[in-house]
Structures are given as structure tokens and as C-alpha cells.
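Enquirer: Structure file query.pdb (PDB, C-alpha atoms) right here:
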ATOM      1  CA  MET A   1      29.152   2.765   8.727
ATOM      2  CA  ARG A   2      26.505   0.863  10.693
ATOM      3  CA  ALA A   3      28.893   0.759  13.661
ATOM      4  CA  SER A   4      28.284   4.454  14.250
ATOM      5  CA  ILE A   5      25.756   5.762  16.781
ATOM      6  CA  SER A   6      23.849   9.009  17.083
ATOM      7  CA  TRP A   7      26.272  11.701  18.184
ATOM      8  CA  ALA A   8      23.501  13.213  20.297
ATOM      9  CA  ALA A   9      23.062   9.892  22.087
ATOM     10  CA  ALA A  10      26.805   9.659  22.650
ATOM     11  CA  ALA A  11      26.928  13.189  24.020
ATOM     12  CA  ALA A  12      24.051  12.491  26.400
ATOM     13  CA  LEU A  13      25.779   9.447  27.829
ATOM     14  CA  LEU A  14      29.136  11.168  28.020
ATOM     15  CA  ALA A  15      27.548  14.096  29.858
ATOM     16  CA  THR A  16      26.598  11.751  32.686
ATOM     17  CA  ALA A  17      29.866   9.835  32.630
ATOM     18  CA  THR A  18      31.790   9.422  35.856
ATOM     19  CA  VAL A  19      35.165  11.137  35.710
ATOM     20  CA  ALA A  20      37.846   9.577  37.860
ATOM     21  CA  THR A  21      41.449  10.700  37.572
ATOM     22  CA  ALA A  22      40.495  12.387  34.257
ATOM     23  CA  GLN A  23      39.410   9.101  32.672
ATOM     24  CA  THR A  24      36.026   9.011  30.927
ATOM     25  CA  LYS A  25      33.847   6.096  31.981
ATOM     26  CA  ILE A  26      30.517   5.340  30.318
ATOM     27  CA  PRO A  27      27.594   4.534  32.651
ATOM     28  CA  GLY A  28      26.716   0.873  32.290
ATOM     29  CA  ASP A  29      30.014  -0.043  30.595
ATOM     30  CA  PRO A  30      30.926  -3.528  31.878
ATOM     31  CA  TYR A  31      34.515  -2.974  30.729
ATOM     32  CA  ALA A  32      35.083   0.424  32.347
ATOM     33  CA  ASP A  33      37.968  -1.045  34.344
ATOM     34  CA  ASP A  34      39.915  -2.179  31.286
ATOM     35  CA  PRO A  35      43.602  -1.243  31.459
ATOM     36  CA  SER A  36      44.437   2.386  30.776
ATOM     37  CA  GLY A  37      47.637   4.295  30.294
ATOM     38  CA  ILE A  38      50.757   2.791  28.717
ATOM     39  CA  VAL A  39      50.553  -0.995  29.056
ATOM     40  CA  ALA A  40      52.013  -4.046  27.333
ATOM     41  CA  ASP A  41      48.634  -5.290  26.074
ATOM     42  CA  PRO A  42      46.008  -2.567  25.495
ATOM     43  CA  CYS A  43      43.615  -4.912  23.673
ATOM     44  CA  PRO A  44      41.602  -7.086  26.096
ATOM     45  CA  ALA A  45      39.129  -9.453  24.477
ATOM     46  CA  HIS A  46      35.411  -8.745  24.863
ATOM     47  CA  PRO A  47      32.442 -10.885  23.762
ATOM     48  CA  LYS A  48      30.287  -9.703  20.874
ATOM     49  CA  PRO A  49      27.460  -7.406  22.085
ATOM     50  CA  ALA A  50      24.272  -9.376  22.654
ATOM     51  CA  ASP A  51      21.794  -6.657  21.655
ATOM     52  CA  LYS A  52      21.450  -3.071  20.396
ATOM     53  CA  THR A  53      21.890  -1.508  23.840
ATOM     54  CA  ALA A  54      25.049  -3.495  24.487
ATOM     55  CA  GLY A  55      26.255  -2.530  21.013
ATOM     56  CA  THR A  56      25.781   1.164  21.808
ATOM     57  CA  ILE A  57      27.761   0.823  25.026
ATOM     58  CA  ALA A  58      30.493  -1.150  23.228
ATOM     59  CA  ASN A  59      30.774   1.536  20.562
ATOM     60  CA  LEU A  60      31.044   4.279  23.193
ATOM     61  CA  HIS A  61      33.698   2.213  24.995
ATOM     62  CA  MET A  62      35.621   2.047  21.716
ATOM     63  CA  LEU A  63      35.288   5.795  21.054
ATOM     64  CA  THR A  64      36.665   6.664  24.501
ATOM     65  CA  ARG A  65      39.245   3.885  24.940
ATOM     66  CA  ASP A  66      40.396   2.965  21.408
ATOM     67  CA  HIS A  67      39.197   5.787  19.187
ATOM     68  CA  GLY A  68      41.283   4.714  16.208
ATOM     69  CA  GLN A  69      40.445   1.014  16.784
ATOM     70  CA  LEU A  70      44.078  -0.038  16.713
ATOM     71  CA  CYS A  71      43.034  -3.240  18.464
ATOM     72  CA  ARG A  72      40.969  -4.391  15.471
ATOM     73  CA  TYR A  73      43.907  -5.582  13.354
ATOM     74  CA  ALA A  74      46.679  -5.785  15.966
ATOM     75  CA  ALA A  75      46.735  -9.599  16.104
ATOM     76  CA  ALA A  76      46.323  -9.980  12.324
ATOM     77  CA  ASN A  77      49.239  -7.620  11.728
ATOM     78  CA  ARG A  78      51.465  -9.615  14.085
ATOM     79  CA  ALA A  79      50.484 -12.831  12.306
ATOM     80  CA  LEU A  80      51.642 -11.664   8.857
ATOM     81  CA  THR A  81      54.594 -13.712   7.637
ATOM     82  CA  GLU A  82      55.493 -11.598   4.610
ATOM     83  CA  LYS A  83      55.124  -8.028   3.445
ATOM     84  CA  PRO A  84      51.827  -7.299   1.682
ATOM     85  CA  ARG A  85      51.890  -5.895  -1.823
ATOM     86  CA  VAL A  86      48.954  -3.500  -1.325
ATOM     87  CA  VAL A  87      47.107  -2.510   1.854
ATOM     88  CA  PHE A  88      43.525  -1.276   1.381
ATOM     89  CA  MET A  89      42.798   1.365   4.041
ATOM     90  CA  GLY A  90      39.175   2.403   4.423
ATOM     91  CA  ASP A  91      35.814   2.190   6.141
ATOM     92  CA  SER A  92      32.977  -0.353   5.813
ATOM     93  CA  ILE A  93      33.068  -0.241   2.012
ATOM     94  CA  THR A  94      36.589  -1.679   2.292
ATOM     95  CA  ASP A  95      35.777  -3.740   5.395
ATOM     96  CA  ASN A  96      32.873  -5.534   3.675
ATOM     97  CA  TRP A  97      34.854  -6.220   0.495
ATOM     98  CA  ILE A  98      36.636  -9.259   1.916
ATOM     99  CA  ASN A  99      33.319 -10.813   3.012
ATOM    100  CA  LEU A 100      31.461 -10.392  -0.285
ATOM    101  CA  ALA A 101      34.391 -10.928  -2.666
ATOM    102  CA  PRO A 102      36.989 -13.072  -0.851
ATOM    103  CA  ASP A 103      38.708 -14.144  -4.086
ATOM    104  CA  PHE A 104      39.918 -10.578  -4.627
ATOM    105  CA  TRP A 105      42.162 -10.806  -1.564
ATOM    106  CA  ARG A 106      45.183 -12.621  -2.936
ATOM    107  CA  ASP A 107      48.450 -11.741  -4.684
ATOM    108  CA  GLY A 108      49.560  -9.695  -1.694
ATOM    109  CA  ARG A 109      46.403  -7.578  -1.322
ATOM    110  CA  ILE A 110      45.156  -7.226   2.270
ATOM    111  CA  ASP A 111      42.066  -5.558   3.735
ATOM    112  CA  ARG A 112      42.399  -3.049   6.560
ATOM    113  CA  GLY A 113      38.964  -1.426   6.428
ATOM    114  CA  ILE A 114      36.943  -0.714   9.584
ATOM    115  CA  SER A 115      33.210  -0.088   9.470
ATOM    116  CA  GLY A 116      32.084   3.342  10.596
ATOM    117  CA  GLN A 117      35.464   5.045  10.560
ATOM    118  CA  THR A 118      36.153   8.628   9.614
ATOM    119  CA  THR A 119      39.432   9.950   8.224
ATOM    120  CA  SER A 120      40.619  11.089  11.669
ATOM    121  CA  GLN A 121      40.344   7.503  12.958
ATOM    122  CA  MET A 122      42.136   6.107   9.919
ATOM    123  CA  LEU A 123      44.963   8.572  10.389
ATOM    124  CA  LEU A 124      45.380   7.415  14.010
ATOM    125  CA  ARG A 125      45.929   3.806  12.931
ATOM    126  CA  PHE A 126      47.758   4.478   9.672
ATOM    127  CA  ARG A 127      51.213   3.731  11.081
ATOM    128  CA  GLN A 128      50.190   0.406  12.602
ATOM    129  CA  ASP A 129      47.907  -0.824   9.815
ATOM    130  CA  VAL A 130      49.882   0.455   6.823
ATOM    131  CA  ILE A 131      53.387   1.832   7.396
ATOM    132  CA  ASP A 132      54.591  -0.879   9.774
ATOM    133  CA  LEU A 133      53.455  -3.577   7.305
ATOM    134  CA  HIS A 134      55.852  -2.198   4.632
ATOM    135  CA  PRO A 135      53.609  -2.657   1.584
ATOM    136  CA  GLN A 136      54.552  -1.508  -1.898
ATOM    137  CA  ALA A 137      51.357   0.556  -2.145
ATOM    138  CA  VAL A 138      48.356   1.707  -0.125
ATOM    139  CA  HIS A 139      44.841   2.144  -1.522
ATOM    140  CA  ILE A 140      43.073   4.871   0.493
ATOM    141  CA  MET A 141      39.294   5.125   0.167
ATOM    142  CA  ALA A 142      37.881   7.448   2.825
ATOM    143  CA  GLY A 143      35.443  10.263   3.453
ATOM    144  CA  THR A 144      31.970   8.682   3.416
ATOM    145  CA  ASN A 145      31.630   8.713   7.204
ATOM    146  CA  ASP A 146      33.013  12.241   7.511
ATOM    147  CA  VAL A 147      30.193  13.408   5.248
ATOM    148  CA  ALA A 148      27.767  11.363   7.370
ATOM    149  CA  GLY A 149      29.080  12.939  10.583
ATOM    150  CA  ASN A 150      29.957   9.702  12.377
ATOM    151  CA  THR A 151      32.405  11.367  14.773
ATOM    152  CA  GLY A 152      30.876  14.825  14.787
ATOM    153  CA  ALA A 153      31.473  17.919  12.680
ATOM    154  CA  ALA A 154      34.513  18.893  10.620
ATOM    155  CA  THR A 155      35.311  21.263   7.786
ATOM    156  CA  ILE A 156      35.971  19.810   4.375
ATOM    157  CA  GLU A 157      39.513  21.185   4.638
ATOM    158  CA  THR A 158      40.066  19.142   7.811
ATOM    159  CA  VAL A 159      38.907  15.963   6.087
ATOM    160  CA  GLU A 160      41.124  16.704   3.101
ATOM    161  CA  GLY A 161      44.021  17.325   5.494
ATOM    162  CA  HIS A 162      43.594  13.921   7.115
ATOM    163  CA  ILE A 163      43.758  12.225   3.716
ATOM    164  CA  GLN A 164      46.726  14.361   2.690
ATOM    165  CA  SER A 165      48.540  13.421   5.921
ATOM    166  CA  MET A 166      48.018   9.710   5.236
ATOM    167  CA  ALA A 167      49.365  10.138   1.716
ATOM    168  CA  GLU A 168      52.389  12.099   2.937
ATOM    169  CA  LEU A 169      53.172   9.505   5.603
ATOM    170  CA  ALA A 170      53.015   6.759   2.990
ATOM    171  CA  ARG A 171      55.302   8.565   0.553
ATOM    172  CA  ALA A 172      57.774   9.405   3.329
ATOM    173  CA  ASN A 173      58.067   5.671   3.975
ATOM    174  CA  GLY A 174      58.514   4.644   0.351
ATOM    175  CA  ILE A 175      54.927   3.464  -0.151
ATOM    176  CA  LYS A 176      53.119   4.264  -3.398
ATOM    177  CA  VAL A 177      49.772   6.003  -2.906
ATOM    178  CA  ILE A 178      46.524   5.084  -4.653
ATOM    179  CA  LEU A 179      43.786   7.618  -3.889
ATOM    180  CA  ALA A 180      40.253   6.344  -4.479
ATOM    181  CA  SER A 181      37.128   8.373  -5.048
ATOM    182  CA  VAL A 182      34.546   8.556  -2.285
ATOM    183  CA  PRO A 183      31.907   6.097  -3.558
ATOM    184  CA  PRO A 184      28.528   7.435  -4.732
ATOM    185  CA  ALA A 185      25.597   7.885  -2.355
ATOM    186  CA  ALA A 186      22.392   9.908  -2.536
ATOM    187  CA  ALA A 187      21.455   9.286   1.125
ATOM    188  CA  PHE A 188      22.764   7.555   4.256
ATOM    189  CA  PRO A 189      20.349   5.195   6.061
ATOM    190  CA  TRP A 190      22.123   5.804   9.396
ATOM    191  CA  SER A 191      22.274   9.612   8.915
ATOM    192  CA  PRO A 192      19.023  10.453   7.103
ATOM    193  CA  ASP A 193      19.294  14.232   7.465
ATOM    194  CA  LYS A 194      22.314  14.360   5.146
ATOM    195  CA  ARG A 195      22.205  14.895   1.373
ATOM    196  CA  PRO A 196      25.710  13.691   0.568
ATOM    197  CA  ALA A 197      26.038  13.834  -3.231
ATOM    198  CA  PRO A 198      27.287  17.472  -3.490
ATOM    199  CA  GLN A 199      29.859  17.044  -0.712
ATOM    200  CA  ILE A 200      31.034  13.743  -2.177
ATOM    201  CA  ALA A 201      31.467  15.488  -5.538
ATOM    202  CA  ALA A 202      33.487  18.275  -3.878
ATOM    203  CA  LEU A 203      35.725  15.806  -2.044
ATOM    204  CA  ASN A 204      36.311  13.831  -5.224
ATOM    205  CA  ALA A 205      37.252  16.951  -7.167
ATOM    206  CA  TRP A 206      39.839  17.756  -4.496
ATOM    207  CA  LEU A 207      41.103  14.153  -4.370
ATOM    208  CA  LYS A 208      41.588  14.026  -8.132
ATOM    209  CA  ALA A 209      43.451  17.353  -8.165
ATOM    210  CA  TYR A 210      45.578  16.391  -5.162
ATOM    211  CA  ALA A 211      46.487  13.051  -6.744
ATOM    212  CA  ARG A 212      47.652  14.907  -9.856
ATOM    213  CA  ARG A 213      49.693  17.428  -7.816
ATOM    214  CA  SER A 214      51.301  14.853  -5.547
ATOM    215  CA  GLY A 215      51.961  12.096  -8.065
ATOM    216  CA  ALA A 216      49.527   9.654  -6.470
ATOM    217  CA  THR A 217      47.542   7.237  -8.599
ATOM    218  CA  TRP A 218      43.908   8.337  -8.931
ATOM    219  CA  VAL A 219      41.215   5.662  -9.120
ATOM    220  CA  ASP A 220      37.602   6.628  -9.763
ATOM    221  CA  TYR A 221      34.869   4.076  -9.072
ATOM    222  CA  HIS A 222      32.004   6.374 -10.118
ATOM    223  CA  PRO A 223      31.980   5.350 -13.810
ATOM    224  CA  VAL A 224      31.132   1.759 -12.823
ATOM    225  CA  LEU A 225      28.955   2.497  -9.755
ATOM    226  CA  ALA A 226      27.166   5.840 -10.071
ATOM    227  CA  THR A 227      24.068   7.204 -11.718
ATOM    228  CA  PRO A 228      24.352  10.634 -13.389
ATOM    229  CA  GLU A 229      22.839  12.137 -10.220
ATOM    230  CA  GLY A 230      25.561  10.681  -7.972
ATOM    231  CA  ALA A 231      23.603   7.801  -6.463
ATOM    232  CA  MET A 232      24.534   4.125  -6.515
ATOM    233  CA  ARG A 233      23.178   2.221  -9.496
ATOM    234  CA  GLU A 234      20.337  -0.190  -8.866
ATOM    235  CA  GLY A 235      21.563  -3.624  -7.768
ATOM    236  CA  LEU A 236      25.103  -2.513  -6.937
ATOM    237  CA  ALA A 237      24.452  -1.576  -3.289
ATOM    238  CA  SER A 238      22.389  -3.128  -0.512
ATOM    239  CA  ASP A 239      21.278   0.213   0.946
ATOM    240  CA  GLY A 240      22.369   2.831  -1.549
ATOM    241  CA  VAL A 241      25.848   3.004   0.041
ATOM    242  CA  HIS A 242      27.381  -0.415   0.681
ATOM    243  CA  PRO A 243      28.244  -2.436  -2.441
ATOM    244  CA  THR A 244      26.719  -5.831  -3.073
ATOM    245  CA  ALA A 245      28.778  -8.693  -4.530
ATOM    246  CA  ALA A 246      27.860  -7.275  -7.954
ATOM    247  CA  GLY A 247      29.125  -3.862  -6.854
ATOM    248  CA  TYR A 248      32.463  -5.287  -5.776
ATOM    249  CA  ALA A 249      32.682  -7.255  -9.029
ATOM    250  CA  ALA A 250      32.371  -3.950 -10.889
ATOM    251  CA  MET A 251      35.023  -2.329  -8.672
ATOM    252  CA  ALA A 252      37.608  -5.128  -8.844
ATOM    253  CA  PRO A 253      39.013  -4.523 -12.367
ATOM    254  CA  VAL A 254      39.177  -0.785 -11.667
ATOM    255  CA  ALA A 255      41.138  -1.458  -8.475
ATOM    256  CA  LEU A 256      43.485  -3.897 -10.206
ATOM    257  CA  ASP A 257      44.155  -1.398 -12.981
ATOM    258  CA  SER A 258      45.062   1.246 -10.396
ATOM    259  CA  ILE A 259      47.542  -1.150  -8.775
ATOM    260  CA  ARG A 260      49.160  -1.870 -12.143
ATOM    261  CA  ARG A 261      49.462   1.867 -12.800
ATOM    262  CA  ALA A 262      50.858   2.592  -9.325
ATOM    263  CA  LEU A 263      53.441  -0.167  -9.356
ATOM    264  CA  GLY A 264      54.330   0.033 -13.022
ATOM    265  CA  ARG A 265      53.269  -3.495 -13.880
TER     266      ARG A 265
END
Could you take the file, read its structure, and then write that structure out as C-alpha cells?
Expert:
Amino acid sequence: MRASISWAAAAALLATATVATAQTKIPGDPYADDPSGIVADPCPAHPKPADKTAGTIANLHMLTRDHGQLCRYAAANRALTEKPRVVFMGDSITDNWINLAPDFWRDGRIDRGISGQTTSQMLLRFRQDVIDLHPQAVHIMAGTNDVAGNTGAATIETVEGHIQSMAELARANGIKVILASVPPAAAFPWSPDKRPAPQIAALNAWLKAYARRSGATWVDYHPVLATPEGAMREGLASDGVHPTAAGYAAMAPVALDSIRRALGR
């Protein structure tokens, strides 16, 4: 989630962007001349941004040149030597999991979370980062950044449709679907005007009902993470949103139980 930038700031920069042959170029982008169109290698390597300004430009470059961030896991996907058992698709809550609880990622479980992503971005990369890996199951945990508005505005029906499309694509390719609840949050540090708990509750009600209708496995992390008001419990998140090591320790047995239920083991 921290990878997001103010949409107003993005719009201001895009408004002054130079348009050449219908390509959007961000002022000050040192990589504006990266390859475009259909090419053999669309993922040139760039150094890590040195400061906040460079980070903003890099994020805008990503939004205009690799909106779904297919480059993030392209090399890792090619390097896989066997089919994963379960792919975890998600945002920073999934992305951070491997850093704070590395022992969880064994027995064929692989992490394909990307910080800051909304459901539209996940849907763009779902074929590459899930279907083409041929897992037995996919664990989809998404929606936090849609509520936060990381890529602008959307109706709740649009967000639900993105998740439904990912689930349908998985089932069409013989992949079992595990639908996870949107984790609890009472506020977003990077989007302080939002009061997310009611929208998270609405999304989770839809997710639970859709899982029942579609035959997906429903996994709810709120019993081990949330206060009665829908916030993260004290000590389980670093900022009220992102789990700590203790938060992931609470989530792990719930996740493993969902995998056993989905795969019948």
C-alpha cells in the first residue's frame, strides 16, 4: 500500500506530460525512452529510487508503462522448476508476508503479492502470476487498496467484478479458489480521509456469499485479527493495516486450514 501516491499528484503530473505518438511520458522520468509496444523483453532493469521524489516518478512510470506490474515476478516465474501447490495473490499484506514469516513459504506455497495494488491490477497479471504457474489452488486476498483509492475511484460492484473474474479464470483452468476476507482496518495512514471499516464489512459480506454460491473456499481472518469495531487488534499490525510478525503468526493456521479444506487434505 505504501507504494501508492496521491492520485491528485499523479493527475497533476500527467496533465503536463508530453504526448508523442500517443505515448504518455512523465516529466522528469529518466526512463521515458524504455521500450514500448510489443517487444521480446518489456522489463528493463532500473535502480532502486534514491529518494521520495525519485520514488514518485518511478511509481508514475510503473502506472503508465506496466500498470499491472507484470515485470515484478516475470523472472521468478521463469525460474520455477516445479508447479506450486498454492499461489497467494494479493497486495502488500501478502507481499510483506514472506519477509516477516519466511518459514510459512514452503510445501509448495508461493507469494505473488505486490504492495499498493488494487483488484484491477491483480486481474491484469492473474494469467502470468497464477494461471500459467498451474497451481492446485489460488488464495486471493484483495480489496484494501480499492477502498483506499490507490488507482482512483470505482464502484463496489466493479471491485467485486474484478475478484469474481479472477475466481472464474482460476476455475476455468482447473485451479481451486480460496477467497480471503479483506483484512480489518479502521484507517489508512496513506489515505487518511477514508473510514474503511464499513466498506470492508460490505466487501466481506459479498465475498462470503459469493464463495458459498460459487463453491470457493472462504477464509476469514477477522476472528484472529479484528476488534469488534473492525480495527486491527493491538500488536498485530505496524500501522493499523499491515500485519506484524505476530499478525502473520495468527493468520498462518487459518490459511493452512483453508488450504486443507480447498484441496481435501
Enquirer: When you count all atoms listed in the file, which of these residues is closest to Gly28 of chain A: A:Lys83, A:His139, A:His61, A:His67?
Expert: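 Closest to Gly28 of chain A of all the choices is A:His61.
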Enquirer: Could you check the closest approach to Ile163 of chain A for each of A:Gly108, A:Pro84, A:Pro253, A:Gly143 and tell me which residue wins, using all atoms listed in the file?
Expert: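 Once distances to Ile163 of chain A are computed over all atoms listed in the file, the minimum belongs to A:Gly143.
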Enquirer: For segment 173-204 of chain A versus segment 220-244 of chain A, which residues have an atom no more than 9 Å away, and what is each residue's nearest atom pair and distance in Å rounded to one decimal, using all atoms listed in the file, chain-then-number order, as a Markdown table?
Expert:
| residue | atom | partner | partner_atom | distance |
| --- | --- | --- | --- | --- |
| A:Leu179 | CA | A:Asp220 | CA | 8.6 |
| A:Ala180 | CA | A:Asp220 | CA | 5.9 |
| A:Ser181 | CA | A:Asp220 | CA | 5.0 |
| A:Val182 | CA | A:Tyr221 | CA | 8.1 |
| A:Pro183 | CA | A:His222 | CA | 6.6 |
| A:Pro184 | CA | A:Ala231 | CA | 5.2 |
| A:Ala185 | CA | A:Ala231 | CA | 4.6 |
| A:Ala186 | CA | A:Ala231 | CA | 4.6 |
| A:Ala187 | CA | A:Gly240 | CA | 7.0 |
| A:Phe188 | CA | A:Val241 | CA | 6.9 |
| A:Pro189 | CA | A:Asp239 | CA | 7.2 |
| A:Ala197 | CA | A:Gly230 | CA | 5.7 |
| A:Pro198 | CA | A:Gly230 | CA | 8.3 |
| A:Ile200 | CA | A:Gly230 | CA | 8.5 |
| A:Ala201 | CA | A:Gly230 | CA | 8.0 |
| A:Asn204 | CA | A:Asp220 | CA | 8.6 |
Enquirer: If we draw a sphere of 12 Å around (31.9, 13.0, 10.9), which residues have at least one atom in it when counting only C-alpha atoms? Please report them as a PDB file with C-alpha atoms, in the frame of the given file.
Expert:
ATOM      1  CA  MET A   1      29.152   2.765   8.727  1.00  0.00           C
ATOM      2  CA  SER A   4      28.284   4.454  14.250  1.00  0.00           C
ATOM      3  CA  ILE A   5      25.756   5.762  16.781  1.00  0.00           C
ATOM      4  CA  SER A   6      23.849   9.009  17.083  1.00  0.00           C
ATOM      5  CA  TRP A   7      26.272  11.701  18.184  1.00  0.00           C
ATOM      6  CA  GLY A 116      32.084   3.342  10.596  1.00  0.00           C
ATOM      7  CA  GLN A 117      35.464   5.045  10.560  1.00  0.00           C
ATOM      8  CA  THR A 118      36.153   8.628   9.614  1.00  0.00           C
ATOM      9  CA  THR A 119      39.432   9.950   8.224  1.00  0.00           C
ATOM     10  CA  SER A 120      40.619  11.089  11.669  1.00  0.00           C
ATOM     11  CA  GLN A 121      40.344   7.503  12.958  1.00  0.00           C
ATOM     12  CA  ALA A 142      37.881   7.448   2.825  1.00  0.00           C
ATOM     13  CA  GLY A 143      35.443  10.263   3.453  1.00  0.00           C
ATOM     14  CA  THR A 144      31.970   8.682   3.416  1.00  0.00           C
ATOM     15  CA  ASN A 145      31.630   8.713   7.204  1.00  0.00           C
ATOM     16  CA  ASP A 146      33.013  12.241   7.511  1.00  0.00           C
ATOM     17  CA  VAL A 147      30.193  13.408   5.248  1.00  0.00           C
ATOM     18  CA  ALA A 148      27.767  11.363   7.370  1.00  0.00           C
ATOM     19  CA  GLY A 149      29.080  12.939  10.583  1.00  0.00           C
ATOM     20  CA  ASN A 150      29.957   9.702  12.377  1.00  0.00           C
ATOM     21  CA  THR A 151      32.405  11.367  14.773  1.00  0.00           C
ATOM     22  CA  GLY A 152      30.876  14.825  14.787  1.00  0.00           C
ATOM     23  CA  ALA A 153      31.473  17.919  12.680  1.00  0.00           C
ATOM     24  CA  ALA A 154      34.513  18.893  10.620  1.00  0.00           C
ATOM     25  CA  THR A 155      35.311  21.263   7.786  1.00  0.00           C
ATOM     26  CA  ILE A 156      35.971  19.810   4.375  1.00  0.00           C
ATOM     27  CA  THR A 158      40.066  19.142   7.811  1.00  0.00           C
ATOM     28  CA  VAL A 159      38.907  15.963   6.087  1.00  0.00           C
ATOM     29  CA  SER A 191      22.274   9.612   8.915  1.00  0.00           C
ATOM     30  CA  LYS A 194      22.314  14.360   5.146  1.00  0.00           C
TER      31      LYS A 194
END
Enquirer: For Ser165 of chain A, please output as a list in words all residues within 12 Å (counting all atoms listed in the file; exclusion window: fewer than 6 positions along the same chain).
Expert: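 Non-adjacent residues within range: Thr119, Ser120, Met122, Leu123, Leu124, Phe126, Arg127, Ile140, Glu157, Thr158, Val159, Arg171, Ala172, Val177, Tyr210 and Ser214 of chain A.
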Enquirer: From the set A:Lys48, A:Arg78, A:Arg65, A:His162, which residue has the shortest atom-to-atom contact distance to Thr24 of chain A, counting all atoms listed in the file?
Expert: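 When distances to Thr24 of chain A are compared using all atoms listed in the file, the smallest one comes from A:Arg65.
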Enquirer: At a cut-off of 12 Å, using all atoms listed in the file, what residues contact segment 37-47 of chain A? Leave out same-chain residues fewer than 3 positions from it and give the result as a VMD selection string.
Expert: chain A and resid 21 to 23 29 to 34 50 to 51 54 to 55 58 61 to 62 65 to 66 69 to 75
Enquirer: Output C-alpha atoms of each residue in that selection to a file, as a PDB file, in the frame of the given file.
Expert:
ATOM      1  CA  THR A  21      41.449  10.700  37.572  1.00  0.00           C
ATOM      2  CA  ALA A  22      40.495  12.387  34.257  1.00  0.00           C
ATOM      3  CA  GLN A  23      39.410   9.101  32.672  1.00  0.00           C
ATOM      4  CA  ASP A  29      30.014  -0.043  30.595  1.00  0.00           C
ATOM      5  CA  PRO A  30      30.926  -3.528  31.878  1.00  0.00           C
ATOM      6  CA  TYR A  31      34.515  -2.974  30.729  1.00  0.00           C
ATOM      7  CA  ALA A  32      35.083   0.424  32.347  1.00  0.00           C
ATOM      8  CA  ASP A  33      37.968  -1.045  34.344  1.00  0.00           C
ATOM      9  CA  ASP A  34      39.915  -2.179  31.286  1.00  0.00           C
ATOM     10  CA  ALA A  50      24.272  -9.376  22.654  1.00  0.00           C
ATOM     11  CA  ASP A  51      21.794  -6.657  21.655  1.00  0.00           C
ATOM     12  CA  ALA A  54      25.049  -3.495  24.487  1.00  0.00           C
ATOM     13  CA  GLY A  55      26.255  -2.530  21.013  1.00  0.00           C
ATOM     14  CA  ALA A  58      30.493  -1.150  23.228  1.00  0.00           C
ATOM     15  CA  HIS A  61      33.698   2.213  24.995  1.00  0.00           C
ATOM     16  CA  MET A  62      35.621   2.047  21.716  1.00  0.00           C
ATOM     17  CA  ARG A  65      39.245   3.885  24.940  1.00  0.00           C
ATOM     18  CA  ASP A  66      40.396   2.965  21.408  1.00  0.00           C
ATOM     19  CA  GLN A  69      40.445   1.014  16.784  1.00  0.00           C
ATOM     20  CA  LEU A  70      44.078  -0.038  16.713  1.00  0.00           C
ATOM     21  CA  CYS A  71      43.034  -3.240  18.464  1.00  0.00           C
ATOM     22  CA  ARG A  72      40.969  -4.391  15.471  1.00  0.00           C
ATOM     23  CA  TYR A  73      43.907  -5.582  13.354  1.00  0.00           C
ATOM     24  CA  ALA A  74      46.679  -5.785  15.966  1.00  0.00           C
ATOM     25  CA  ALA A  75      46.735  -9.599  16.104  1.00  0.00           C
TER      26      ALA A  75
END
Enquirer: Measure the distance from atom CA of Gln164 of chain A to atom CA of Arg213 of chain A in Å and round it to one decimal.
Expert: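 According to the coordinates, atom CA of Gln164 of chain A and atom CA of Arg213 of chain A are separated by 11.3 Å.
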Enquirer: For segment 98-106 of chain A, list every protein, DNA or RNA residue within 12 Å, evaluated using all atoms listed in the file, and leave out those in the same chain fewer than 3 positions away; present the list as a ChimeraX atom specification.
Expert: /A:84-88,92-95,109-114,237-238,242-253,255-256
Enquirer: Take the selection from the previous step and output its residues with C-alpha atoms, as an mmCIF file, keeping the file's coordinate frame.
Expert:
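What ended up in out-v4.cif:
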data_model
loop_
_atom_site.group_PDB
_atom_site.id
_atom_site.type_symbol
_atom_site.label_atom_id
_atom_site.label_comp_id
_atom_site.auth_asym_id
_atom_site.auth_seq_id
_atom_site.Cartn_x
_atom_site.Cartn_y
_atom_site.Cartn_z
ATOM 1 C CA PRO A 84 51.827 -7.299 1.682
ATOM 2 C CA ARG A 85 51.890 -5.895 -1.823
ATOM 3 C CA VAL A 86 48.954 -3.500 -1.325
ATOM 4 C CA VAL A 87 47.107 -2.510 1.854
ATOM 5 C CA PHE A 88 43.525 -1.276 1.381
ATOM 6 C CA SER A 92 32.977 -0.353 5.813
ATOM 7 C CA ILE A 93 33.068 -0.241 2.012
ATOM 8 C CA THR A 94 36.589 -1.679 2.292
ATOM 9 C CA ASP A 95 35.777 -3.740 5.395
ATOM 10 C CA ARG A 109 46.403 -7.578 -1.322
ATOM 11 C CA ILE A 110 45.156 -7.226 2.270
ATOM 12 C CA ASP A 111 42.066 -5.558 3.735
ATOM 13 C CA ARG A 112 42.399 -3.049 6.560
ATOM 14 C CA GLY A 113 38.964 -1.426 6.428
ATOM 15 C CA ILE A 114 36.943 -0.714 9.584
ATOM 16 C CA ALA A 237 24.452 -1.576 -3.289
ATOM 17 C CA SER A 238 22.389 -3.128 -0.512
ATOM 18 C CA HIS A 242 27.381 -0.415 0.681
ATOM 19 C CA PRO A 243 28.244 -2.436 -2.441
ATOM 20 C CA THR A 244 26.719 -5.831 -3.073
ATOM 21 C CA ALA A 245 28.778 -8.693 -4.530
ATOM 22 C CA ALA A 246 27.860 -7.275 -7.954
ATOM 23 C CA GLY A 247 29.125 -3.862 -6.854
ATOM 24 C CA TYR A 248 32.463 -5.287 -5.776
ATOM 25 C CA ALA A 249 32.682 -7.255 -9.029
ATOM 26 C CA ALA A 250 32.371 -3.950 -10.889
ATOM 27 C CA MET A 251 35.023 -2.329 -8.672
ATOM 28 C CA ALA A 252 37.608 -5.128 -8.844
ATOM 29 C CA PRO A 253 39.013 -4.523 -12.367
ATOM 30 C CA ALA A 255 41.138 -1.458 -8.475
ATOM 31 C CA LEU A 256 43.485 -3.897 -10.206
#
Enquirer: For atom CA of Ser258 of chain A and atom CA of Val138 of chain A, determine how far apart the two atoms are, in Å to one decimal place.
Expert: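 Computing it gives 10.8 Å between the two atoms.
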Enquirer: Could you jot down the atom CA of Ala262 of chain A to atom CA of Lys176 of chain A separation for me, Å, one decimal place?
Expert: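 Calculated distance between atom CA of Ala262 of chain A and atom CA of Lys176 of chain A is 6.6 Å.
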Enquirer: For Glu160 of chain A, find every residue with an atom within 8 Å (counting all atoms listed in the file), except residues of its own chain fewer than 5 positions away, and show them as a PyMOL selection string.
Expert: chain A and resi 203+206-207
